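Coordinates as given in start.txt (compact mmCIF, C-alpha atoms):
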```txt
# COMPACT_ATOMS: atom_id res chain seq x y z
CA MET J 1 23.10 38.52 10.08
CA SER J 2 26.06 37.93 12.34
CA GLY J 3 25.05 34.28 12.77
CA GLU J 4 25.75 33.64 9.10
CA HIS J 5 29.39 34.61 9.58
CA HIS J 6 29.95 31.88 12.16
CA ARG J 7 28.11 29.21 10.24
CA PRO J 8 31.12 27.21 8.97
CA ARG J 9 32.61 26.98 12.46
CA ARG J 10 29.30 25.97 13.97
CA GLN J 11 28.87 23.33 11.28
CA SER J 12 32.28 21.81 11.96
CA GLN J 13 31.60 21.74 15.72
CA LEU J 14 28.36 19.89 15.10
CA ALA J 15 30.11 17.49 12.75
CA LEU J 16 32.73 16.74 15.44
CA ARG J 17 30.00 16.24 18.01
CA VAL J 18 28.15 13.74 15.85
CA ALA J 19 31.40 11.91 15.09
CA ALA J 20 32.18 11.69 18.83
CA LEU J 21 28.69 10.41 19.58
CA GLU J 22 28.96 7.86 16.80
CA SER J 23 32.37 6.57 17.95
CA LEU J 24 31.11 6.13 21.53
CA LEU J 25 28.06 4.20 20.37
CA LEU J 26 30.20 2.01 18.12
CA GLU J 27 32.56 1.22 21.01
CA LYS J 28 29.65 0.27 23.20
CA GLY J 29 28.52 -2.13 20.49
CA LEU J 30 25.17 -0.39 20.22
CA LEU J 31 25.56 0.37 16.54
CA SER J 32 27.64 -0.53 13.54
CA ASN J 33 28.82 1.80 10.81
CA ASP J 34 26.96 -0.38 8.34
CA ALA J 35 23.68 0.08 10.18
CA ILE J 36 23.97 3.88 10.04
CA ASP J 37 25.10 3.79 6.41
CA ALA J 38 22.13 1.61 5.51
CA VAL J 39 19.65 4.00 7.10
CA VAL J 40 21.16 7.05 5.43
CA ARG J 41 21.38 5.35 2.04
CA ALA J 42 17.79 4.15 2.25
CA TYR J 43 16.41 7.61 3.02
CA GLU J 44 18.66 9.45 0.60
CA GLN J 45 18.03 7.13 -2.31
CA ASP J 46 15.27 4.57 -1.97
CA ILE J 47 12.51 5.64 0.38
CA GLY J 48 10.69 8.61 -1.03
CA PRO J 49 7.57 9.97 -2.67
CA LEU J 50 7.53 7.18 -5.26
CA ASN J 51 6.03 4.90 -2.61
CA GLY J 52 3.22 7.31 -1.92
CA ALA J 53 2.67 7.92 -5.63
CA GLY J 54 2.23 4.18 -6.17
CA VAL J 55 -0.33 4.04 -3.39
CA VAL J 56 -2.24 7.00 -4.85
CA ALA J 57 -2.26 5.53 -8.37
CA ARG J 58 -3.54 2.19 -7.06
CA ALA J 59 -6.30 3.96 -5.13
CA TRP J 60 -7.32 5.83 -8.29
CA VAL J 61 -7.69 2.66 -10.37
CA ASP J 62 -8.97 0.27 -7.70
CA PRO J 63 -11.98 1.47 -5.65
CA GLY J 64 -11.72 -1.51 -3.29
CA PHE J 65 -8.10 -0.61 -2.50
CA LYS J 66 -9.04 3.03 -2.02
CA GLU J 67 -11.72 2.08 0.47
CA ARG J 68 -9.26 -0.10 2.42
CA LEU J 69 -6.60 2.64 2.27
CA LEU J 70 -8.89 5.25 3.77
CA ARG J 71 -10.06 2.84 6.45
CA ASP J 72 -6.69 1.34 7.45
CA ALA J 73 -3.75 2.82 5.59
CA THR J 74 -1.09 0.67 7.27
CA ALA J 75 -2.80 -2.57 6.19
CA ALA J 76 -3.46 -1.30 2.66
CA MET J 77 0.16 -0.16 2.26
CA ALA J 78 1.31 -3.61 3.33
CA GLU J 79 -0.60 -5.04 0.33
CA LEU J 80 1.87 -3.12 -1.84
CA GLY J 81 4.85 -4.18 0.26
CA ILE J 82 5.27 -0.78 1.90
CA GLY J 83 5.60 -0.64 5.65
CA GLY J 84 7.81 -1.86 8.43
CA MET J 85 8.01 0.02 11.67
CA TRP J 86 7.87 3.41 9.92
CA GLY J 87 4.66 2.51 8.09
CA GLU J 88 2.68 2.29 11.29
CA HIS J 89 0.38 5.04 12.51
CA VAL J 90 -0.36 6.33 9.01
CA ALA J 91 -3.72 7.73 7.96
CA VAL J 92 -4.78 8.80 4.46
CA LEU J 93 -7.22 11.66 3.79
CA GLU J 94 -9.17 12.00 0.55
CA ASN J 95 -9.31 15.30 -1.29
CA THR J 96 -12.50 15.98 -3.24
CA ALA J 97 -14.01 18.89 -5.15
CA ALA J 98 -15.61 20.02 -1.87
CA VAL J 99 -12.89 19.25 0.71
CA HIS J 100 -9.19 20.03 0.53
CA ASN J 101 -6.98 18.40 3.16
CA VAL J 102 -3.50 19.64 3.94
CA VAL J 103 -0.94 18.28 6.41
CA VAL J 104 1.40 19.98 8.85
CA CYS J 105 3.28 18.96 11.99
CA THR J 106 2.94 21.94 14.28
CA LEU J 107 5.31 20.66 16.99
CA CYS J 108 8.19 19.16 15.05
CA SER J 109 8.35 17.31 11.73
CA CYS J 110 6.20 14.15 11.88
CA TYR J 111 5.68 12.87 8.36
CA PRO J 112 4.76 9.55 6.73
CA TRP J 113 8.35 8.50 5.94
CA ALA J 114 7.36 5.12 4.51
CA LEU J 115 5.22 6.82 1.86
CA LEU J 116 6.98 10.12 1.21
CA GLY J 117 10.53 9.76 2.49
CA LEU J 118 11.93 12.57 4.61
CA PRO J 119 10.13 15.91 4.60
CA PRO J 120 11.35 18.87 2.55
CA SER J 121 12.92 21.70 4.53
CA TRP J 122 9.90 23.99 4.18
CA TYR J 123 7.75 21.37 5.94
CA LYS J 124 10.07 21.57 8.98
CA SER J 125 10.27 25.36 8.98
CA PRO J 126 8.77 27.31 11.89
CA ALA J 127 6.91 29.50 9.38
CA TYR J 128 5.05 26.66 7.65
CA ARG J 129 4.26 24.97 10.96
CA ALA J 130 2.87 28.11 12.54
CA ARG J 131 1.13 29.66 9.57
CA MET J 132 -0.57 26.64 8.01
CA VAL J 133 -2.83 26.34 11.02
CA ILE J 134 -3.60 30.05 11.26
CA GLU J 135 -4.02 31.02 7.61
CA PRO J 136 -4.04 27.89 5.43
CA ARG J 137 -5.60 29.58 2.41
CA ALA J 138 -2.92 32.26 2.34
CA VAL J 139 -0.11 29.71 2.68
CA LEU J 140 -1.65 27.53 -0.05
CA ARG J 141 -1.79 30.58 -2.32
CA GLU J 142 1.95 31.05 -1.75
CA PHE J 143 2.38 27.50 -3.00
CA GLY J 144 0.42 28.52 -6.09
CA LEU J 145 -2.82 26.83 -5.07
CA ALA J 146 -5.84 29.16 -5.01
CA LEU J 147 -8.93 27.44 -3.64
CA GLY J 148 -12.47 28.71 -4.11
CA ASP J 149 -14.46 29.91 -1.12
CA ASP J 150 -16.81 26.96 -1.62
CA VAL J 151 -13.99 24.50 -0.88
CA GLU J 152 -13.61 23.51 2.76
CA VAL J 153 -9.96 23.46 3.89
CA ARG J 154 -9.06 20.95 6.59
CA VAL J 155 -5.64 21.19 8.23
CA TRP J 156 -4.35 18.01 9.88
CA ASP J 157 -1.64 18.05 12.54
CA SER J 158 0.63 15.01 12.25
CA SER J 159 2.22 13.53 15.35
CA SER J 160 4.14 10.40 16.22
CA GLU J 161 0.75 8.74 16.85
CA VAL J 162 -0.78 9.61 13.45
CA ARG J 163 1.10 10.70 10.35
CA TYR J 164 -1.17 11.92 7.59
CA MET J 165 -0.93 11.66 3.83
CA VAL J 166 -3.34 13.21 1.36
CA LEU J 167 -4.97 11.22 -1.43
CA PRO J 168 -5.19 13.91 -4.13
CA GLU J 169 -8.01 14.16 -6.65
CA ARG J 170 -7.39 12.32 -9.89
CA PRO J 171 -7.14 15.04 -12.54
CA ALA J 172 -9.55 15.12 -15.45
CA GLY J 173 -8.13 13.90 -18.72
CA THR J 174 -6.21 10.97 -17.22
CA GLU J 175 -8.82 8.28 -17.93
CA HIS J 176 -6.61 6.69 -20.59
CA LEU J 177 -3.49 6.45 -18.37
CA SER J 178 -2.21 3.20 -16.89
CA GLU J 179 -1.58 2.81 -13.17
CA GLU J 180 2.14 3.24 -13.79
CA GLU J 181 1.61 6.39 -15.85
CA LEU J 182 -0.67 7.77 -13.16
CA ALA J 183 1.97 7.18 -10.47
CA ALA J 184 4.41 9.26 -12.53
CA VAL J 185 2.20 12.37 -12.39
CA VAL J 186 1.60 12.28 -8.62
CA THR J 187 3.83 14.75 -6.76
CA ARG J 188 5.04 14.88 -3.19
CA ASP J 189 3.46 18.30 -2.73
CA ALA J 190 0.05 16.96 -3.77
CA MET J 191 0.37 14.22 -1.15
CA VAL J 192 1.12 16.81 1.55
CA GLY J 193 -1.85 18.82 0.27
CA VAL J 194 -0.06 21.99 -0.88
CA ALA J 195 -0.70 21.29 -4.58
CA LYS J 196 -3.07 19.48 -6.91
CA VAL J 197 -2.06 16.81 -9.36
CA LYS J 198 -2.02 18.07 -12.93
CA ALA J 199 -2.77 15.95 -15.97
CA PRO J 200 0.36 15.50 -18.10
CA ASP J 201 0.64 17.64 -21.21
CA LYS J 202 -0.68 15.93 -24.33
CA LYS J 203 2.10 14.97 -26.70
CA MET E 1 25.38 30.85 1.00
CA SER E 2 26.65 32.91 -1.88
CA THR E 3 23.55 33.00 -4.07
CA ALA E 4 20.71 35.33 -3.14
CA LYS E 5 17.40 33.54 -2.89
CA PRO E 6 13.93 34.98 -3.13
CA ALA E 7 12.07 34.72 0.15
CA GLY E 8 9.02 32.62 0.80
CA LEU E 9 7.79 29.08 0.70
CA SER E 10 7.34 29.07 -3.05
CA ALA E 11 11.00 29.96 -3.48
CA GLU E 12 11.93 26.91 -1.46
CA LEU E 13 9.74 24.90 -3.77
CA ALA E 14 11.65 26.14 -6.76
CA ASP E 15 14.89 25.23 -4.98
CA GLY E 16 13.54 21.73 -4.49
CA ARG E 17 13.09 21.32 -8.22
CA ASN E 18 16.64 22.48 -8.88
CA ALA E 19 18.23 20.36 -6.18
CA ILE E 20 20.73 17.63 -6.95
CA PRO E 21 18.66 14.87 -8.50
CA ARG E 22 17.96 11.88 -6.33
CA ARG E 23 16.45 8.62 -7.33
CA ASN E 24 13.43 9.29 -5.21
CA GLY E 25 12.80 12.88 -4.30
CA GLU E 26 15.16 15.67 -3.34
CA LEU E 27 18.36 16.06 -1.40
CA VAL E 28 17.36 15.67 2.22
CA PHE E 29 20.53 16.60 4.12
CA ASN E 30 22.50 19.81 3.82
CA GLU E 31 25.63 18.54 5.57
CA PRO E 32 27.09 15.05 5.97
CA TRP E 33 26.84 15.25 9.77
CA GLU E 34 23.08 15.75 9.48
CA ALA E 35 22.80 12.43 7.69
CA ARG E 36 24.88 10.73 10.40
CA ALA E 37 22.79 12.26 13.20
CA PHE E 38 19.65 11.11 11.41
CA GLY E 39 21.01 7.62 10.77
CA ILE E 40 22.20 7.12 14.36
CA ALA E 41 18.80 8.01 15.81
CA VAL E 42 16.86 5.83 13.39
CA ALA E 43 19.24 2.87 13.69
CA LEU E 44 19.16 3.01 17.51
CA CYS E 45 15.37 3.17 17.49
CA GLU E 46 15.17 0.23 15.08
CA ARG E 47 17.42 -1.70 17.50
CA GLY E 48 14.92 -0.98 20.23
CA LEU E 49 17.15 1.23 22.35
CA PHE E 50 14.33 3.73 22.67
CA ALA E 51 10.81 4.16 21.36
CA TRP E 52 10.38 6.79 18.69
CA GLU E 53 7.96 8.64 20.96
CA ASP E 54 10.78 9.01 23.52
CA PHE E 55 12.90 10.74 20.93
CA SER E 56 10.05 12.67 19.38
CA ARG E 57 9.01 14.16 22.71
CA ARG E 58 12.53 15.50 23.27
CA LEU E 59 12.77 16.83 19.74
CA ILE E 60 9.53 18.73 20.31
CA ALA E 61 10.95 20.14 23.56
CA ARG E 62 14.20 21.20 21.88
CA ILE E 63 12.33 22.85 19.01
CA ALA E 64 9.97 24.61 21.41
CA ALA E 65 12.89 25.94 23.45
CA TRP E 66 14.65 27.21 20.33
CA GLN E 67 11.49 28.85 19.07
CA SER E 68 10.72 30.62 22.29
CA GLU E 69 14.09 32.32 21.87
CA HIS E 70 13.72 33.03 18.17
CA LEU E 71 9.97 33.30 17.74
CA ALA E 72 9.70 36.89 16.63
CA ALA E 73 12.30 36.43 13.92
CA ALA E 74 11.03 33.02 12.86
CA ILE E 75 7.47 34.16 12.30
CA ARG E 76 8.57 36.99 10.06
CA ASP E 77 11.13 35.10 8.03
CA THR E 78 9.28 32.53 5.94
CA SER E 79 12.37 30.84 4.56
CA ASP E 80 14.41 31.03 7.76
CA PRO E 81 17.69 29.47 6.61
CA SER E 82 19.07 29.75 10.13
CA TYR E 83 16.62 27.25 11.61
CA PRO E 84 19.05 24.64 13.00
CA TYR E 85 16.76 21.64 12.64
CA TYR E 86 19.44 18.94 12.79
CA ALA E 87 21.31 20.65 15.62
CA LEU E 88 18.08 20.36 17.61
CA TRP E 89 17.72 16.78 16.39
CA LEU E 90 21.21 16.01 17.71
CA ALA E 91 20.43 17.66 21.05
CA ALA E 92 17.26 15.58 21.36
CA LEU E 93 19.23 12.43 20.56
CA GLU E 94 21.74 13.27 23.30
CA ASP E 95 18.81 13.91 25.66
CA VAL E 96 17.20 10.55 25.04
CA LEU E 97 20.52 8.68 25.32
CA ALA E 98 21.26 10.41 28.62
CA LYS E 99 17.80 9.56 29.87
CA LYS E 100 18.28 5.90 28.91
CA GLY E 101 21.65 5.88 30.70
CA VAL E 102 23.50 5.05 27.48
CA LEU E 103 25.70 8.14 27.34
CA THR E 104 26.10 11.17 29.52
CA ALA E 105 26.98 14.69 28.43
CA SER E 106 30.36 14.31 30.15
CA ASP E 107 31.14 11.12 28.17
CA LEU E 108 30.66 13.16 25.06
CA GLU E 109 32.65 16.17 26.26
CA LEU E 110 35.50 13.88 27.25
CA ARG E 111 35.54 12.29 23.81
CA LEU E 112 35.43 15.69 22.12
CA LYS E 113 38.43 16.88 24.16
CA GLY E 114 40.27 13.67 23.32
CA SER E 115 39.67 14.10 19.60
CA GLY E 116 42.19 16.95 19.73
CA SER E 117 40.27 19.61 17.85
```

Transcribe the structure of this file into structure tokens.
Amino acid sequence: MSGEHHRPRRQSQLALRVAALESLLLEKGLLSNDAIDAVVRAYEQDIGPLNGAGVVARAWVDPGFKERLLRDATAAMAELGIGGMWGEHVAVLENTAAVHNVVVCTLCSCYPWALLGLPPSWYKSPAYRARMVIEPRAVLREFGLALGDDVEVRVWDSSSEVRYMVLPERPAGTEHLSEEELAAVVTRDAMVGVAKVKAPDKK
Amino acid sequence: MSTAKPAGLSAELADGRNAIPRRNGELVFNEPWEARAFGIAVALCERGLFAWEDFSRRLIARIAAWQSEHLAAAIRDTSDPSYPYYALWLAALEDVLAKKGVLTASDLELRLKGSGS
């Protein structure tokens, strides 16, 4: 594609544009370098799927917590110290043997940042956003998840009003695991609904 | 991009596993400027300069406009490496700042000219 050829130049123009925007905002006293650095560092390093995995593991071992999580996710997350302004407007959907929930944002890229960090690039892609609604079973198969015809697939469209996360099924053979060990087997993809959680291999 | 990649969502998944390891998940920005554009928008929203919905609405509009131009190609190409997500993000950020009277497009153009590039 001819667009590929111009990519480096386009990238440097965008970089200059962001730098100009940043310098203007700094001069106006609307931002500090530290504030931007802190946001970037937090989302690159600290805020990510581990938060969601901890929530899932707690829900698996504590039925009372699970019930609260499904009823009011924001309040339940706060019990675990997860939240702030990006933890608002979150809803959690439970996967069962009969119902498989999967999440998409058809219009842009809304995603439960506080639980999962920033979305992977495929989640933002036009293809995922368009196709998940139209042919969810086919898209799930591309992710390696083949669901039986008896399983109902529900596709949820996240927005800035409600950002969805999936509570995956606890896999068989994990009865002996601690909450911490359970959190370690929960994956981001399972919490978006494009995968199931697998029990760890026996040593 | 010098390495050929298999097409499809599952290929992207495999890429995710091979990405530079992060403490919590995968590499989220492809270029440093993307991280800055992200950080500026989030920091300004956290300071209350605009509501996230104000930004989100403009991001949706920018994405929709891009897609109406590129729809046919985008639907066919499942990996779509050309999708300029953070360029649209930046455009939406400029839109919301202009709307709030914080910065105009000409402020930005003037600064870009002055930066001597």

Exercise for review: Rank nothing, just name the residue among E:Leu110, E:Trp66, E:Trp89, E:Ala35 nearest to chain J, using all atoms listed in the file.
Suggested key: E:Ala35

**Study point:** Å distance separating atom CA of J:Ser23 from atom CA of E:Ser56, one decimal place
**Key:** 23.2 Å

Point to revise | Among listed residues J:Ser178, J:Gln13, J:Asn101, J:Thr96, nearest chain E (using only C-alpha atoms) | key: J:Gln13

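Taking atom CA of J:Gly83 and atom CA of J:Arg188 as the two end points, the separation is 17.9 Å.
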
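Atom pair atom CA of J:Arg58 / atom CA of J:Pro119: separated by 22.6 Å.
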
**Study point:** Residue hits in chain J, query chain E, radius 8 Å, only C-alpha atoms, as a ChimeraX atom specification
**Key:** /J:3-4,14-22,24,30-31,35-37,39-40,44-50,85,107-108,117-122,124-128,130,142-144,160

Those same residues, written as a PDB file, in the frame of the given file with C-alpha atoms?
```
ATOM      1  CA  GLY J   3      25.050  34.280  12.770  1.00  0.00           C
ATOM      2  CA  GLU J   4      25.750  33.640   9.100  1.00  0.00           C
ATOM      3  CA  LEU J  14      28.360  19.890  15.100  1.00  0.00           C
ATOM      4  CA  ALA J  15      30.110  17.490  12.750  1.00  0.00           C
ATOM      5  CA  LEU J  16      32.730  16.740  15.440  1.00  0.00           C
ATOM      6  CA  ARG J  17      30.000  16.240  18.010  1.00  0.00           C
ATOM      7  CA  VAL J  18      28.150  13.740  15.850  1.00  0.00           C
ATOM      8  CA  ALA J  19      31.400  11.910  15.090  1.00  0.00           C
ATOM      9  CA  ALA J  20      32.180  11.690  18.830  1.00  0.00           C
ATOM     10  CA  LEU J  21      28.690  10.410  19.580  1.00  0.00           C
ATOM     11  CA  GLU J  22      28.960   7.860  16.800  1.00  0.00           C
ATOM     12  CA  LEU J  24      31.110   6.130  21.530  1.00  0.00           C
ATOM     13  CA  LEU J  30      25.170  -0.390  20.220  1.00  0.00           C
ATOM     14  CA  LEU J  31      25.560   0.370  16.540  1.00  0.00           C
ATOM     15  CA  ALA J  35      23.680   0.080  10.180  1.00  0.00           C
ATOM     16  CA  ILE J  36      23.970   3.880  10.040  1.00  0.00           C
ATOM     17  CA  ASP J  37      25.100   3.790   6.410  1.00  0.00           C
ATOM     18  CA  VAL J  39      19.650   4.000   7.100  1.00  0.00           C
ATOM     19  CA  VAL J  40      21.160   7.050   5.430  1.00  0.00           C
ATOM     20  CA  GLU J  44      18.660   9.450   0.600  1.00  0.00           C
ATOM     21  CA  GLN J  45      18.030   7.130  -2.310  1.00  0.00           C
ATOM     22  CA  ASP J  46      15.270   4.570  -1.970  1.00  0.00           C
ATOM     23  CA  ILE J  47      12.510   5.640   0.380  1.00  0.00           C
ATOM     24  CA  GLY J  48      10.690   8.610  -1.030  1.00  0.00           C
ATOM     25  CA  PRO J  49       7.570   9.970  -2.670  1.00  0.00           C
ATOM     26  CA  LEU J  50       7.530   7.180  -5.260  1.00  0.00           C
ATOM     27  CA  MET J  85       8.010   0.020  11.670  1.00  0.00           C
ATOM     28  CA  LEU J 107       5.310  20.660  16.990  1.00  0.00           C
ATOM     29  CA  CYS J 108       8.190  19.160  15.050  1.00  0.00           C
ATOM     30  CA  GLY J 117      10.530   9.760   2.490  1.00  0.00           C
ATOM     31  CA  LEU J 118      11.930  12.570   4.610  1.00  0.00           C
ATOM     32  CA  PRO J 119      10.130  15.910   4.600  1.00  0.00           C
ATOM     33  CA  PRO J 120      11.350  18.870   2.550  1.00  0.00           C
ATOM     34  CA  SER J 121      12.920  21.700   4.530  1.00  0.00           C
ATOM     35  CA  TRP J 122       9.900  23.990   4.180  1.00  0.00           C
ATOM     36  CA  LYS J 124      10.070  21.570   8.980  1.00  0.00           C
ATOM     37  CA  SER J 125      10.270  25.360   8.980  1.00  0.00           C
ATOM     38  CA  PRO J 126       8.770  27.310  11.890  1.00  0.00           C
ATOM     39  CA  ALA J 127       6.910  29.500   9.380  1.00  0.00           C
ATOM     40  CA  TYR J 128       5.050  26.660   7.650  1.00  0.00           C
ATOM     41  CA  ALA J 130       2.870  28.110  12.540  1.00  0.00           C
ATOM     42  CA  GLU J 142       1.950  31.050  -1.750  1.00  0.00           C
ATOM     43  CA  PHE J 143       2.380  27.500  -3.000  1.00  0.00           C
ATOM     44  CA  GLY J 144       0.420  28.520  -6.090  1.00  0.00           C
ATOM     45  CA  SER J 160       4.140  10.400  16.220  1.00  0.00           C
TER      46      SER J 160
END
```

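Near J:Glu161, within 9 Å and counting only C-alpha atoms, sit Glu88, His89, Val90, Ser158, Ser159 and Arg163 of chain J; Glu53 of chain E, not including residues fewer than 2 positions from it in the same chain.
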
Practice item. Select, from J:Tyr43, J:Ala73, J:Ala183, J:Ala172, the residue with the minimum atom-to-atom distance to J:Asp201, counting only C-alpha atoms. Key: J:Ala172
